[in-house]
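Visitor: Just one file: structure-v6.txt, with compact mmCIF, C-alpha atoms and all ligand atoms.
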# COMPACT_ATOMS: atom_id res chain seq x y z
CA MET T 1 -2.87 24.07 -17.85
CA SER T 2 -3.81 20.88 -16.05
CA LYS T 3 -1.08 18.64 -14.67
CA ARG T 4 -0.48 15.13 -16.01
CA ALA T 5 0.37 12.24 -13.71
CA ILE T 6 1.30 8.62 -14.25
CA VAL T 7 0.14 6.22 -11.55
CA THR T 8 1.69 2.75 -11.60
CA GLY T 9 -0.26 0.17 -9.62
CA ILE T 10 -3.49 1.98 -10.48
CA THR T 11 -5.46 -1.27 -10.24
CA GLY T 12 -4.36 -1.65 -6.60
CA GLN T 13 -5.88 -0.23 -3.43
CA ASP T 14 -3.79 2.95 -3.23
CA GLY T 15 -3.77 3.52 -6.99
CA SER T 16 -7.56 3.69 -7.06
CA TYR T 17 -7.80 6.22 -4.20
CA LEU T 18 -4.94 8.30 -5.58
CA ALA T 19 -6.51 8.38 -9.05
CA GLU T 20 -9.74 9.74 -7.49
CA LEU T 21 -7.79 12.41 -5.61
CA LEU T 22 -5.79 13.49 -8.69
CA LEU T 23 -8.99 13.77 -10.74
CA GLU T 24 -10.49 15.97 -8.01
CA HIS T 25 -7.41 18.19 -8.34
CA GLY T 26 -7.94 18.47 -12.10
CA TYR T 27 -5.11 16.19 -13.24
CA GLU T 28 -5.00 14.17 -16.43
CA VAL T 29 -4.45 10.70 -15.00
CA VAL T 30 -2.64 7.97 -16.89
CA GLY T 31 -2.68 4.60 -15.18
CA ALA T 32 0.03 2.10 -16.00
CA ALA T 33 -1.19 -1.47 -15.83
CA ARG T 34 0.49 -4.73 -16.73
CA ARG T 35 -1.28 -7.03 -19.12
CA LEU T 36 -3.30 -9.77 -17.47
CA SER T 37 -5.32 -12.49 -19.18
CA ALA T 38 -8.44 -11.04 -17.53
CA PRO T 39 -8.73 -7.38 -16.51
CA ASN T 40 -8.50 -6.59 -12.81
CA HIS T 41 -10.45 -3.31 -12.84
CA TRP T 42 -12.87 -3.73 -9.94
CA ARG T 43 -11.30 -0.89 -7.93
CA ILE T 44 -11.24 1.59 -10.85
CA GLU T 45 -14.36 0.59 -12.78
CA HIS T 46 -16.02 3.88 -11.78
CA LEU T 47 -13.06 5.89 -13.10
CA LEU T 48 -12.47 4.22 -16.45
CA ASP T 49 -14.14 6.95 -18.50
CA ARG T 50 -11.99 9.63 -16.82
CA ILE T 51 -8.54 8.04 -16.86
CA GLU T 52 -6.33 6.60 -19.56
CA LEU T 53 -4.82 3.16 -19.11
CA ARG T 54 -1.53 2.29 -20.76
CA PRO T 55 0.34 -1.00 -20.70
CA ALA T 56 3.63 -1.12 -18.82
CA ASP T 57 5.39 -3.64 -16.64
CA LEU T 58 8.02 -3.01 -13.99
CA LEU T 59 9.94 -5.96 -15.41
CA ASP T 60 10.25 -4.34 -18.84
CA GLN T 61 12.58 -1.35 -19.07
CA LEU T 62 11.50 -0.30 -22.56
CA SER T 63 7.82 -0.33 -21.64
CA LEU T 64 8.59 2.18 -18.87
CA ILE T 65 10.70 4.43 -21.07
CA ARG T 66 8.00 4.41 -23.75
CA LEU T 67 5.34 5.19 -21.15
CA VAL T 68 7.22 8.16 -19.69
CA ASP T 69 8.31 9.45 -23.09
CA ASP T 70 4.80 9.24 -24.61
CA VAL T 71 2.96 10.75 -21.64
CA ARG T 72 5.59 13.30 -20.52
CA PRO T 73 3.98 13.61 -17.10
CA HIS T 74 4.69 16.25 -14.47
CA GLU T 75 4.51 13.64 -11.72
CA ILE T 76 4.92 9.87 -11.43
CA TYR T 77 3.49 7.93 -8.51
CA ASN T 78 5.23 4.56 -8.45
CA LEU T 79 2.84 2.42 -6.42
CA ALA T 80 3.19 -0.86 -8.32
CA ALA T 81 4.78 -3.67 -6.34
CA MET T 82 4.43 -7.22 -5.14
CA SER T 83 2.89 -6.03 -1.88
CA PHE T 84 1.96 -9.20 0.05
CA VAL T 85 4.70 -9.97 2.58
CA PRO T 86 4.26 -13.80 2.84
CA ALA T 87 4.48 -14.19 -0.94
CA SER T 88 7.95 -12.67 -0.76
CA TRP T 89 9.28 -15.80 1.00
CA ASP T 90 7.75 -17.95 -1.73
CA GLN T 91 9.16 -15.78 -4.55
CA PRO T 92 12.08 -13.73 -3.19
CA ILE T 93 13.76 -13.26 -6.55
CA LEU T 94 10.63 -12.07 -8.33
CA THR T 95 9.94 -9.79 -5.35
CA GLY T 96 13.36 -8.19 -5.87
CA GLU T 97 12.74 -7.90 -9.61
CA TYR T 98 9.46 -6.03 -9.07
CA ASN T 99 10.15 -4.07 -5.93
CA SER T 100 13.85 -3.24 -6.19
CA LEU T 101 14.93 -3.43 -9.82
CA GLY T 102 11.48 -2.36 -11.00
CA VAL T 103 11.88 0.91 -9.10
CA THR T 104 15.36 1.37 -10.54
CA ARG T 105 13.93 0.81 -14.02
CA MET T 106 11.33 3.49 -13.39
CA LEU T 107 13.96 5.94 -12.12
CA GLU T 108 16.14 5.13 -15.14
CA ALA T 109 13.20 5.84 -17.44
CA VAL T 110 12.78 9.26 -15.83
CA ARG T 111 16.52 9.96 -15.97
CA HIS T 112 16.54 9.01 -19.64
CA VAL T 113 13.46 11.05 -20.64
CA ASP T 114 13.35 14.13 -18.38
CA THR T 115 14.85 14.58 -14.90
CA SER T 116 12.42 17.39 -14.08
CA ILE T 117 9.59 14.85 -13.67
CA LYS T 118 8.75 14.44 -9.97
CA VAL T 119 8.72 10.87 -8.66
CA TYR T 120 6.99 9.35 -5.64
CA GLN T 121 8.20 5.95 -4.42
CA ALA T 122 6.01 3.78 -2.17
CA SER T 123 8.28 2.89 0.74
CA SER T 124 7.02 0.89 3.69
CA SER T 125 7.10 0.62 7.48
CA GLU T 126 7.96 -3.04 6.85
CA MET T 127 11.53 -1.69 6.38
CA PHE T 128 11.69 -1.08 10.16
CA GLY T 129 11.01 -4.79 10.78
CA LYS T 130 12.70 -5.76 14.03
CA VAL T 131 12.37 -2.22 15.26
CA ARG T 132 15.38 -0.32 16.57
CA GLU T 133 13.28 2.29 18.38
CA THR T 134 9.64 3.03 19.19
CA PRO T 135 7.88 4.88 17.66
CA GLN T 136 9.60 4.85 14.28
CA ASN T 137 10.41 8.10 12.46
CA GLU T 138 12.35 9.17 9.35
CA LEU T 139 15.69 8.65 11.15
CA THR T 140 14.99 5.20 12.64
CA PRO T 141 17.43 2.60 11.21
CA PHE T 142 15.95 -0.15 9.06
CA TYR T 143 16.03 -3.87 9.99
CA PRO T 144 13.78 -5.64 7.48
CA ARG T 145 12.45 -9.09 8.37
CA SER T 146 11.17 -10.37 5.02
CA PRO T 147 12.36 -10.46 1.40
CA TYR T 148 9.61 -7.87 0.82
CA GLY T 149 11.09 -5.58 3.49
CA VAL T 150 14.59 -6.03 2.08
CA SER T 151 13.36 -5.25 -1.43
CA LYS T 152 11.72 -2.04 -0.18
CA VAL T 153 14.93 -0.92 1.57
CA PHE T 154 16.75 -1.20 -1.77
CA ALA T 155 13.95 0.76 -3.46
CA HIS T 156 14.04 3.39 -0.73
CA TYR T 157 17.76 4.02 -1.00
CA ILE T 158 17.90 3.91 -4.80
CA THR T 159 15.27 6.67 -4.76
CA VAL T 160 17.34 8.71 -2.30
CA ASN T 161 20.40 8.00 -4.43
CA TYR T 162 18.82 9.24 -7.68
CA ARG T 163 17.69 12.37 -5.85
CA GLU T 164 21.24 13.02 -4.67
CA SER T 165 23.05 11.83 -7.82
CA TYR T 166 20.91 13.46 -10.50
CA ASP T 167 19.22 16.28 -8.59
CA MET T 168 15.84 14.68 -9.23
CA PHE T 169 12.70 15.48 -7.21
CA ALA T 170 12.33 11.89 -6.02
CA VAL T 171 10.70 11.20 -2.65
CA SER T 172 9.88 8.13 -0.60
CA GLY T 173 6.81 7.99 1.58
CA ILE T 174 7.36 5.55 4.45
CA LEU T 175 3.76 4.51 4.88
CA PHE T 176 2.50 2.38 7.74
CA ASN T 177 -0.29 -0.13 7.09
CA HIS T 178 -3.34 1.47 5.52
CA GLU T 179 -6.54 -0.29 4.73
CA SER T 180 -9.98 0.18 3.23
CA PRO T 181 -12.89 -1.76 1.77
CA ARG T 182 -10.68 -1.99 -1.37
CA ARG T 183 -7.89 -3.84 0.45
CA GLY T 184 -6.88 -7.20 -1.05
CA LEU T 185 -8.55 -10.14 0.68
CA GLU T 186 -5.29 -11.75 1.79
CA PHE T 187 -4.26 -8.89 4.12
CA VAL T 188 -5.32 -9.41 7.71
CA THR T 189 -7.80 -6.52 8.07
CA ARG T 190 -9.78 -7.47 4.99
CA LYS T 191 -9.47 -11.19 5.72
CA VAL T 192 -11.09 -10.51 9.10
CA THR T 193 -13.86 -8.18 7.86
CA ASP T 194 -14.69 -10.50 4.96
CA GLY T 195 -14.69 -13.43 7.41
CA VAL T 196 -17.04 -11.57 9.75
CA ALA T 197 -19.42 -10.83 6.86
CA ARG T 198 -19.47 -14.46 5.73
CA ILE T 199 -20.00 -15.78 9.26
CA LYS T 200 -22.77 -13.24 9.83
CA ALA T 201 -24.46 -14.37 6.59
CA GLY T 202 -24.20 -18.04 7.58
CA GLN T 203 -21.76 -18.79 4.75
CA ALA T 204 -18.90 -19.77 7.10
CA GLU T 205 -18.45 -20.91 10.68
CA THR T 206 -14.80 -20.20 11.42
CA LEU T 207 -11.90 -17.96 10.45
CA SER T 208 -8.27 -19.17 10.62
CA LEU T 209 -5.60 -16.65 11.49
CA GLY T 210 -1.91 -16.61 12.38
CA ASN T 211 -0.23 -14.40 14.98
CA LEU T 212 -2.90 -12.57 17.01
CA ASP T 213 -0.27 -10.71 19.06
CA ALA T 214 1.30 -8.79 16.16
CA ARG T 215 0.65 -5.05 16.42
CA ARG T 216 0.29 -2.58 13.58
CA ASP T 217 -0.35 1.14 13.14
CA TRP T 218 -3.42 0.89 10.90
CA GLY T 219 -4.86 3.89 9.04
CA PHE T 220 -7.32 4.55 6.20
CA ALA T 221 -5.93 4.43 2.63
CA GLY T 222 -8.05 7.43 1.57
CA ASP T 223 -6.20 9.56 4.13
CA TYR T 224 -2.78 8.24 3.12
CA VAL T 225 -3.07 9.15 -0.57
CA ARG T 226 -3.58 12.79 0.52
CA ALA T 227 -0.14 12.62 2.13
CA ILE T 228 1.35 10.99 -0.98
CA TRP T 229 0.09 13.78 -3.22
CA SER T 230 1.19 16.46 -0.77
CA MET T 231 4.79 15.17 -0.76
CA LEU T 232 5.12 15.98 -4.46
CA GLN T 233 3.72 19.50 -3.95
CA GLN T 234 6.49 20.58 -1.55
CA GLU T 235 9.30 22.99 -2.42
CA ARG T 236 11.93 20.46 -1.42
CA ALA T 237 12.03 16.69 -1.98
CA ASP T 238 12.12 14.80 1.30
CA ASP T 239 10.99 11.52 2.84
CA TYR T 240 8.10 11.31 5.30
CA VAL T 241 6.67 8.77 7.73
CA ILE T 242 2.90 8.52 7.36
CA ALA T 243 1.14 6.84 10.28
CA THR T 244 -1.59 7.44 12.84
CA GLY T 245 0.74 7.18 15.87
CA THR T 246 -1.42 4.50 17.53
CA SER T 247 -1.12 0.73 17.30
CA HIS T 248 -3.41 -2.22 17.89
CA SER T 249 -2.98 -5.98 17.94
CA VAL T 250 -4.53 -8.40 15.47
CA ARG T 251 -6.57 -9.58 18.50
CA ASP T 252 -7.93 -6.01 18.96
CA LEU T 253 -8.80 -5.98 15.26
CA VAL T 254 -10.68 -9.27 15.53
CA GLU T 255 -12.52 -8.22 18.68
CA THR T 256 -13.58 -4.87 17.21
CA ALA T 257 -14.71 -6.38 13.90
CA PHE T 258 -16.71 -9.29 15.34
CA SER T 259 -18.37 -7.21 18.04
CA HIS T 260 -19.41 -4.57 15.47
CA ALA T 261 -21.36 -7.35 13.74
CA GLY T 262 -22.84 -8.57 17.04
CA LEU T 263 -20.62 -11.70 17.13
CA ASP T 264 -18.24 -13.09 19.77
CA TRP T 265 -14.89 -13.72 18.09
CA ARG T 266 -14.01 -16.54 20.53
CA ASP T 267 -16.79 -18.65 18.97
CA HIS T 268 -15.30 -18.39 15.49
CA VAL T 269 -11.58 -17.57 15.34
CA ARG T 270 -9.01 -20.38 15.20
CA THR T 271 -5.25 -19.99 15.09
CA ASP T 272 -3.32 -21.98 12.53
CA PRO T 273 0.46 -22.41 12.93
CA ALA T 274 0.76 -22.62 9.14
CA LEU T 275 -0.22 -18.94 9.02
CA MET T 276 2.73 -17.86 11.22
CA ARG T 277 5.57 -16.13 9.35
CA PRO T 278 9.18 -17.39 9.20
CA ALA T 279 10.25 -14.06 10.74
CA GLU T 280 7.60 -11.77 12.19
CA VAL T 281 7.42 -8.00 12.52
CA GLU T 282 5.98 -7.85 16.02
CA HIS T 283 5.15 -4.21 16.58
CA LEU T 284 5.02 -1.20 14.28
CA ILE T 285 4.00 2.26 15.41
CA GLY T 286 4.89 5.41 13.51
CA ASP T 287 5.70 8.96 14.51
CA PRO T 288 4.12 11.22 11.85
CA SER T 289 5.33 14.50 13.44
CA ARG T 290 7.27 15.65 10.37
CA ALA T 291 4.31 15.02 8.06
CA LYS T 292 2.04 16.89 10.46
CA ALA T 293 4.40 19.86 10.72
CA GLU T 294 5.53 20.14 7.08
CA LEU T 295 2.64 18.68 5.06
CA GLY T 296 -0.12 19.70 7.45
CA TRP T 297 -1.32 16.10 7.15
CA ARG T 298 -3.68 14.53 9.68
CA PRO T 299 -5.57 11.21 9.48
CA SER T 300 -9.36 11.59 9.53
CA VAL T 301 -10.34 7.98 10.35
CA ASP T 302 -9.36 6.24 13.60
CA PHE T 303 -8.95 2.51 14.18
CA PRO T 304 -12.52 1.71 15.34
CA GLY T 305 -13.90 3.87 12.51
CA LEU T 306 -11.75 2.05 9.95
CA VAL T 307 -12.81 -1.39 11.17
CA ARG T 308 -16.48 -0.40 11.20
CA MET T 309 -16.19 1.00 7.66
CA MET T 310 -14.65 -2.25 6.40
CA VAL T 311 -17.08 -4.55 8.23
CA ASP T 312 -20.08 -2.56 6.98
CA ALA T 313 -18.81 -2.67 3.39
CA ASP T 314 -18.21 -6.43 3.50
CA VAL T 315 -21.51 -7.17 5.22
CA GLU T 316 -23.30 -5.20 2.51
CA ARG T 317 -21.32 -6.86 -0.29
CA VAL T 318 -21.96 -10.37 1.00
CA ALA T 319 -25.64 -9.57 1.56
CA ARG T 320 -25.91 -8.45 -2.05
CA GLY T 321 -24.30 -11.72 -3.11
CA LEU T 322 -21.39 -9.94 -4.76
CA ALA T 323 -18.77 -12.61 -4.29
CA ASP T 324 -16.80 -11.30 -7.23
CA ALA T 325 -16.74 -7.55 -6.66
CA ALA T 326 -13.66 -7.46 -4.47
CA GLY T 327 -14.57 -10.91 -3.30
CA THR T 328 -12.65 -13.33 -5.45
CA ALA T 329 -10.40 -10.59 -6.82
CA GLY T 330 -7.00 -10.65 -5.18
CA MET T 331 -7.37 -14.16 -3.81
CA GLY T 332 -4.43 -15.53 -5.75
CA ALA T 333 -1.93 -15.58 -2.91
CA ALA T 334 -2.21 -17.97 0.01
CA GLY T 335 -3.69 -16.30 3.06
CA ARG T 336 -0.75 -16.11 5.46
P1 LIG G 401 -1.86 -3.55 -4.02
O1 LIG G 401 -3.31 -3.31 -3.76
O2 LIG G 401 -1.32 -4.93 -3.86
O3 LIG G 401 -1.54 -3.04 -5.51
C1 LIG G 401 -0.32 -3.34 -6.13
C2 LIG G 401 -0.35 -2.83 -7.55
O4 LIG G 401 0.91 -3.12 -8.19
C3 LIG G 401 -1.42 -3.49 -8.42
O5 LIG G 401 -2.00 -2.51 -9.24
C4 LIG G 401 -0.62 -4.48 -9.26
O6 LIG G 401 -1.20 -4.75 -10.51
C5 LIG G 401 0.65 -3.67 -9.48
N1 LIG G 401 1.78 -4.49 -9.94
C6 LIG G 401 2.34 -5.54 -9.32
N2 LIG G 401 3.36 -6.00 -10.05
C7 LIG G 401 3.45 -5.24 -11.16
C8 LIG G 401 4.31 -5.22 -12.31
N3 LIG G 401 5.29 -6.12 -12.47
N4 LIG G 401 4.11 -4.28 -13.25
C9 LIG G 401 3.13 -3.37 -13.12
N5 LIG G 401 2.27 -3.34 -12.07
C10 LIG G 401 2.44 -4.26 -11.11
O7 LIG G 401 -0.96 -2.59 -3.11
P2 LIG G 401 -1.36 -1.24 -2.31
O8 LIG G 401 -1.82 -1.63 -0.96
O9 LIG G 401 -2.19 -0.39 -3.17
O10 LIG G 401 0.08 -0.60 -2.11
C11 LIG G 401 0.62 0.31 -3.07
C12 LIG G 401 2.12 0.42 -2.85
O11 LIG G 401 2.38 0.89 -1.54
C13 LIG G 401 2.90 -0.88 -2.99
O12 LIG G 401 4.17 -0.56 -3.52
C14 LIG G 401 3.05 -1.37 -1.56
O13 LIG G 401 4.19 -2.20 -1.43
C15 LIG G 401 3.23 -0.03 -0.84
N6 LIG G 401 2.81 0.04 0.55
C16 LIG G 401 1.55 -0.34 0.89
C17 LIG G 401 1.13 -0.22 2.21
C18 LIG G 401 -0.25 -0.61 2.64
O14 LIG G 401 -0.47 -0.77 3.85
N7 LIG G 401 -1.21 -0.73 1.73
C19 LIG G 401 2.02 0.30 3.18
C20 LIG G 401 3.30 0.68 2.77
C21 LIG G 401 3.68 0.56 1.45
P3 LIG G 401 -2.18 -6.02 -10.78
O15 LIG G 401 -3.57 -5.49 -10.52
O16 LIG G 401 -1.90 -6.34 -12.19
O17 LIG G 401 -1.79 -7.10 -9.81
N1 LIG G 402 -2.19 -11.61 6.07
C1 LIG G 402 -2.40 -12.17 7.28
N2 LIG G 402 -3.23 -13.25 7.36
N3 LIG G 402 -1.79 -11.65 8.36
C2 LIG G 402 -2.04 -12.21 9.56
C3 LIG G 402 -2.88 -13.32 9.71
C4 LIG G 402 -3.51 -13.87 8.56
O1 LIG G 402 -4.25 -14.85 8.60
N4 LIG G 402 -2.93 -13.64 11.03
C5 LIG G 402 -2.15 -12.77 11.67
N5 LIG G 402 -1.59 -11.92 10.78
C6 LIG G 402 -0.62 -10.85 11.12
C7 LIG G 402 0.67 -10.96 10.31
O2 LIG G 402 1.54 -11.97 10.86
C8 LIG G 402 1.22 -9.54 10.46
O3 LIG G 402 1.95 -9.43 11.65
C9 LIG G 402 -0.06 -8.68 10.57
O4 LIG G 402 -1.15 -9.59 10.77
C10 LIG G 402 -0.35 -7.82 9.34
O5 LIG G 402 -0.30 -8.64 8.19
P1 LIG G 402 -0.78 -8.09 6.74
O6 LIG G 402 -2.14 -7.53 6.84
O7 LIG G 402 -0.55 -9.20 5.77
O8 LIG G 402 0.17 -6.83 6.48
P2 LIG G 402 1.75 -6.62 6.63
O9 LIG G 402 1.97 -5.77 7.85
O10 LIG G 402 2.49 -7.90 6.55
O11 LIG G 402 2.11 -5.82 5.31
C11 LIG G 402 1.30 -4.72 4.87
O12 LIG G 402 1.78 -3.53 5.44
C12 LIG G 402 3.09 -3.14 5.01
C13 LIG G 402 3.44 -1.83 5.75
O13 LIG G 402 3.93 -2.12 7.01
C14 LIG G 402 1.35 -4.71 3.35
O14 LIG G 402 0.41 -3.77 2.88
C15 LIG G 402 2.71 -4.30 2.84
O15 LIG G 402 2.66 -4.14 1.41
C16 LIG G 402 3.09 -2.97 3.51
O16 LIG G 402 4.34 -2.53 3.05
Write out the structure in this file as structure tokens.

Guide:
Amino acid sequence: MSKRAIVTGITGQDGSYLAELLLEHGYEVVGAARRLSAPNHWRIEHLLDRIELRPADLLDQLSLIRLVDDVRPHEIYNLAAMSFVPASWDQPILTGEYNSLGVTRMLEAVRHVDTSIKVYQASSSEMFGKVRETPQNELTPFYPRSPYGVSKVFAHYITVNYRESYDMFAVSGILFNHESPRRGLEFVTRKVTDGVARIKAGQAETLSLGNLDARRDWGFAGDYVRAIWSMLQQERADDYVIATGTSHSVRDLVETAFSHAGLDWRDHVRTDPALMRPAEVEHLIGDPSRAKAELGWRPSVDFPGLVRMMVDADVERVARGLADAAGTAGMGAAGR
């Protein structure tokens, strides 16, 4: 009998890669999507005849209970969230509603319907914030630096708490930044690779960025969804750090992306103080030893390979004149 999984956030970057992986493993995939006035399906267009979409919103408890009760999945991957850090300063309360209470609503739905359903919660390296040790592992204390980070700490611990209170198989993956050609345009990697493609095509001259000194542990989203799936296949529910174990600065990112397109970044990149954050996370680098040892997980794409993949995809998209396929989608939030 094939397994059934619910994926919230299926229209997002990770949801689309995870849906592909689950289909490869023979799952029936039900994607939960909130109603929008215009569909936002560009990442899952190629999957629409193989998945089922159902309406549900993290703000609406009954919609989640109905979803879980109707589908009766074996596994739930709760990826939906307000995921753009700067927007969390603009809308801290809504961020908490989605990212903290929304997760609690999902856990409550599972508790109400069937506690044997396995749950994955999308935790974040942003929880480490002003880091207490380097590199960060599963035991590193949290010190979030944004309303987003704070909201994810709540979500992390409520997941741990439901596991311990109700004996549920509920796990949190503490994922470091992961990117792809499907990344939203407001995140720095995609903002840079899209900028490179537009400059290369003569559609733009300059690219404005914020803090070039910030460092992140960047991996490929396609690799990270393998780790997510693997966490729910273990005997025992536990939390795992997923990271490459290497970090680079935004300046390294810019240099690598522009030079791959034959451009000198110094001719095009400007820094704009308005793009600096009220409180910055300066340096994240993860220690994925537990995931390597227990999940057998390894990343397959390194930093230069990831940047080249994203530049090539954007150069091709811009050359084909596809401003809308991943171009205008996701541009709602200001680009900090
Ligand atoms: P993403 O591309 O921004 O996707 C977010 C998804 O959440 C979208 O499908 C969005 O739907 C959905 N969503 C937002 N609010 C919702 C609501 N109220 N009800 C239902 N759905 C809602 O994010 P991602 O990069 O795939 O990340 C997936 C998860 O991992 C998020 O929880 C994120 O915080 C976390 N995470 C990401 C990273 C990373 O580097 N990518 C690292 C650590 C943790 P719409 O299409 O309707 O907007
Ligand atoms: N977005 C953006 N835009 N970031 C910039 C810019 C810019 O113009 N210039 C510099 N940066 C710096 C930011 O200050 C930050 O230090 C770094 O680039 C990465 O920013 P983002 O790509 O926006 O990602 P993030 O690290 O804030 O958050 C992402 O990773 C988290 C995991 O650590 C998101 O995917 C979160 O949802 C995720 O939890």

Visitor: Please list as a list in words every residue within 7 Å of Tyr77 of chain T, counting all atoms listed in the file and excluding residues in the same chain fewer than 5 positions away.

Guide: Ile6, Val7, Thr8, Val119, Tyr120 and Gln121 of chain T

Visitor: Mind dumping the selected residues with C-alpha atoms as a CSV table (one decimal), keeping the file's coordinate frame?

Guide:
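The resulting file, selection-v7.csv, is reproduced below:
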chain,number,residue,atom,x,y,z
T,6,ILE,CA,1.3,8.6,-14.2
T,7,VAL,CA,0.1,6.2,-11.6
T,8,THR,CA,1.7,2.8,-11.6
T,119,VAL,CA,8.7,10.9,-8.7
T,120,TYR,CA,7.0,9.4,-5.6
T,121,GLN,CA,8.2,6.0,-4.4

Visitor: Would you compute, for all listed atoms of ligand LIG 401 (chain G), the axis-aligned bounding box grown by 5 Å on each side, and then report its centre and edge lengths in Å rounded to one decimal, as lines of an AutoDock Vina configuration file?

Guide:
center_x = 0.9
center_y = -3.1
center_z = -4.7
size_x = 18.9
size_y = 18.0
size_z = 27.1

Visitor: Pick from T:Ala221, T:Ala155, T:Leu59, T:Val188: nearest to ligand LIG 402 (chain G), with only C-alpha atoms and all ligand atoms counted?

Guide: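 With only C-alpha atoms and all ligand atoms as the atom set, the closest residue is T:Val188.
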
Visitor: Just the number, please: distance in Å from atom CA of Met127 of chain T to atom O2 of ligand LIG 401 (chain G), one decimal.

Guide: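 So the answer is 16.7 Å.
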
Visitor: Counting all atoms listed in the file, which residues of chain T fall within 6 Å of ligand LIG 401 (chain G), and what is the closest atom pair for each with its distance in Å at one decimal, ordered by chain and rising number, as a Markdown table?

Guide:
| residue | atom | partner | partner_atom | distance |
| --- | --- | --- | --- | --- |
| T:Gly9 | CA | G:LIG401 | O5 | 3.2 |
| T:Ile10 | CA | G:LIG401 | O5 | 4.9 |
| T:Thr11 | CA | G:LIG401 | O5 | 3.8 |
| T:Gly12 | CA | G:LIG401 | O3 | 3.3 |
| T:Gln13 | CA | G:LIG401 | O9 | 3.7 |
| T:Asp14 | CA | G:LIG401 | O9 | 3.7 |
| T:Gly15 | CA | G:LIG401 | O9 | 5.7 |
| T:Ala33 | CA | G:LIG401 | N5 | 5.4 |
| T:Arg34 | CA | G:LIG401 | C9 | 4.7 |
| T:Asn40 | CA | G:LIG401 | O15 | 5.5 |
| T:Asp57 | CA | G:LIG401 | N4 | 3.7 |
| T:Leu58 | CA | G:LIG401 | N4 | 4.2 |
| T:Leu59 | CA | G:LIG401 | N3 | 5.5 |
| T:Leu79 | CA | G:LIG401 | C12 | 4.2 |
| T:Ala80 | CA | G:LIG401 | O4 | 3.2 |
| T:Ala81 | CA | G:LIG401 | O12 | 4.2 |
| T:Met82 | CA | G:LIG401 | C6 | 5.0 |
| T:Ser83 | CA | G:LIG401 | O13 | 4.1 |
| T:Tyr98 | CA | G:LIG401 | N3 | 5.4 |
| T:Ala122 | CA | G:LIG401 | O11 | 4.7 |
| T:Ser123 | CA | G:LIG401 | C21 | 5.2 |
| T:Ser124 | CA | G:LIG401 | C20 | 3.8 |
| T:Leu175 | CA | G:LIG401 | C20 | 4.4 |
| T:Phe176 | CA | G:LIG401 | C19 | 5.0 |
| T:Asn177 | CA | G:LIG401 | O14 | 3.3 |
| T:His178 | CA | G:LIG401 | O14 | 4.0 |
| T:Gly184 | CA | G:LIG401 | O1 | 5.9 |

Visitor: Please identify all protein, DNA and RNA residues within 7 Å of ligand LIG 402 (chain G), counting all atoms listed in the file, and report them as a ChimeraX atom specification.

Guide: /T:83-85,124-126,175-178,186-189,191,208-212,214-216,250,275-277,280-282,335-336

Visitor: Could you check which of T:Pro92, T:Gly149, T:Gly262, T:Gly286 is closest to Glu133 of chain T, using all atoms listed in the file?

Guide: T:Gly286

Visitor: What's around Asp302 of chain T at 12 Å? Count only C-alpha atoms, leave out sequence neighbours fewer than 2 positions away in its own chain, and write the answer as a ChimeraX atom specification.

Guide: /T:178-179,217-221,223,243-248,298-300,304-309

Visitor: Residues near Val30 of chain T, anyone? I mean within 8 Å using only C-alpha atoms, not counting same-chain ones fewer than 3 positions away, as a count of residues only.

Guide: 9

Visitor: One decimal, in Å: what's the spacing between atom CA of Gly173 of chain T and atom CA of Val150 of chain T?

Guide: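 Between atom CA of Gly173 of chain T and atom CA of Val150 of chain T the gap is 16.0 Å.
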
Visitor: Interatomic distance between atom CA of Arg183 of chain T and atom CA of Met310 of chain T?

Guide: 9.1 Å

Visitor: Give the answer as one residue: which of T:Ala19, T:Val196, T:Ala201, T:Leu185 has the shortest atom-to-atom distance to Phe258 of chain T, using only C-alpha atoms?

Guide: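 Among T:Ala19, T:Val196, T:Ala201, T:Leu185, it is T:Val196 that comes nearest to Phe258 of chain T.
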
Visitor: Which polymer residues, protein or nucleic acid, are no farther than 8 Å from (-11.2, -19.8, 15.9), counting all atoms listed in the file, as an MDAnalysis selection string?

Guide: chainID T and resid 206:209 265:271

Visitor: Restricting the calculation to only C-alpha atoms: of T:Ser151, T:Arg182, T:Asn161, T:Asp114, which residue gets closest to Trp42 of chain T?

Guide: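 Smallest separation from Trp42 of chain T among the options: T:Arg182.
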
Visitor: Looking at T:Val311, T:Leu48, T:Leu67, T:Leu36, which one is nearest to Val254 of chain T, with distances taken over all atoms listed in the file?

Guide: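 Closest to Val254 of chain T, using all atoms listed in the file: T:Val311.
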
Visitor: Some atoms are absent from segment 170-174 of chain T, so rebuild N, CA and C atoms and return them as a compact mmCIF listing (two decimals), keeping the file's coordinate frame.

Guide:
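The new file rebuild-v6.txt reads:
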# COMPACT_ATOMS: atom_id res chain seq x y z
N ALA T 170 12.79 13.26 -6.25
CA ALA T 170 12.33 11.89 -6.02
C ALA T 170 12.17 11.69 -4.52
N VAL T 171 10.96 11.33 -4.09
CA VAL T 171 10.70 11.20 -2.65
C VAL T 171 10.16 9.81 -2.33
N SER T 172 10.43 9.39 -1.10
CA SER T 172 9.88 8.13 -0.60
C SER T 172 8.94 8.43 0.55
N GLY T 173 7.74 7.92 0.45
CA GLY T 173 6.81 7.99 1.58
C GLY T 173 6.91 6.67 2.35
N ILE T 174 7.27 6.78 3.63
CA ILE T 174 7.36 5.55 4.45
C ILE T 174 6.01 5.36 5.11
